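Worksheet: one structure, shown below.
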Amino acid sequence: MKESMNNEVLVNAEAFTIATQMYVRLRRVCGRVIDVMYLVNNQDYAKHVLDIALDTQDPELQRFVARLSPLIALYPEASSHVLEHKLNVEKDMVSDAYSMEVTEEEIYQAQVHHHYIGALR
């Protein structure tokens, strides 16, 4: 477990380094700005940014793509357990929001405008 975490940290560190260099180069070459943190954490976004970098036909960006491509395959996938937990939490939050009772005071406050007195002070 510890070895896999160390490997993940190394992959993220290397990917972050390359992504920051790509950020600077993409901004200079075509004025494109990317989200480096999201690139390091999201495999689909990383592939999209690599496609953008290849479309520029810049040799330096192509070199960065060659360095980053193998690292993207090593990104950890989101586990189904985490996704299921998020869905359960969201369902609970929605059901709690609709189960709250409205008090008489809240009804009164909603019906009467208390802050407007009809004239400037």
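Residue numbers start at 1 in each chain; chains themselves are named A, B, ... in the order of the structure tokens; ligands are numbered from 1 in the order shown.
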
Thr17 in chain A environment, 12 Å, only C-alpha atoms, sequence neighbours closer than 2 positions dropped, as a PyMOL selection string:
chain A and resi 10-15+19-24+36-37+39-40+64+67-68+71

Would you output that residue set with C-alpha atoms, as a CSV table (one decimal), in the first residue's frame?
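In the end it all went to again.csv:
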```
chain,number,residue,atom,x,y,z
A,10,LEU,CA,5.9,10.4,-8.0
A,11,VAL,CA,3.6,10.2,-11.0
A,12,ASN,CA,1.7,13.2,-9.8
A,13,ALA,CA,4.9,15.2,-9.2
A,14,GLU,CA,6.3,14.4,-12.6
A,15,ALA,CA,3.0,15.0,-14.3
A,19,ALA,CA,2.0,20.1,-17.1
A,20,THR,CA,3.3,23.4,-15.7
A,21,GLN,CA,5.9,23.6,-18.5
A,22,MET,CA,3.1,22.8,-21.0
A,23,TYR,CA,1.0,25.6,-19.5
A,24,VAL,CA,3.7,28.2,-20.1
A,36,VAL,CA,-2.7,22.2,-14.4
A,37,MET,CA,-4.2,20.8,-11.2
A,39,LEU,CA,-4.9,18.0,-15.7
A,40,VAL,CA,-2.9,16.1,-13.0
A,64,PHE,CA,6.1,17.4,-23.5
A,67,ARG,CA,6.8,12.7,-21.7
A,68,LEU,CA,3.3,13.1,-20.3
A,71,LEU,CA,2.1,9.0,-17.1
```

Within 9 Å of range 46-52 of chain A, counting only C-alpha atoms, which residues qualify if same-chain residues fewer than 3 places away don't, as a list in words?
Leu26, Ile34, Tyr38, Leu39, Val40, Asn41, Asn42, Gln43, Asp55, Thr56, Leu61, Gln62, Phe64, Val65, Leu68, Ser69 and Ile72 of chain A

Check the DSSP output for the backbone and give back, as a count of residues only, the residues of range 34-73 of chain A in helix (DSSP H, G or I).
33

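Atom pair CA of Tyr75 in chain A / CA of Phe16 in chain A has a distance of 12.0 Å (rounded to one decimal).
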
CA of Ile18 in chain A to CA of Arg32 in chain A: how many Å, to one decimal?
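Here the two named atoms are 15.9 Å from each other.
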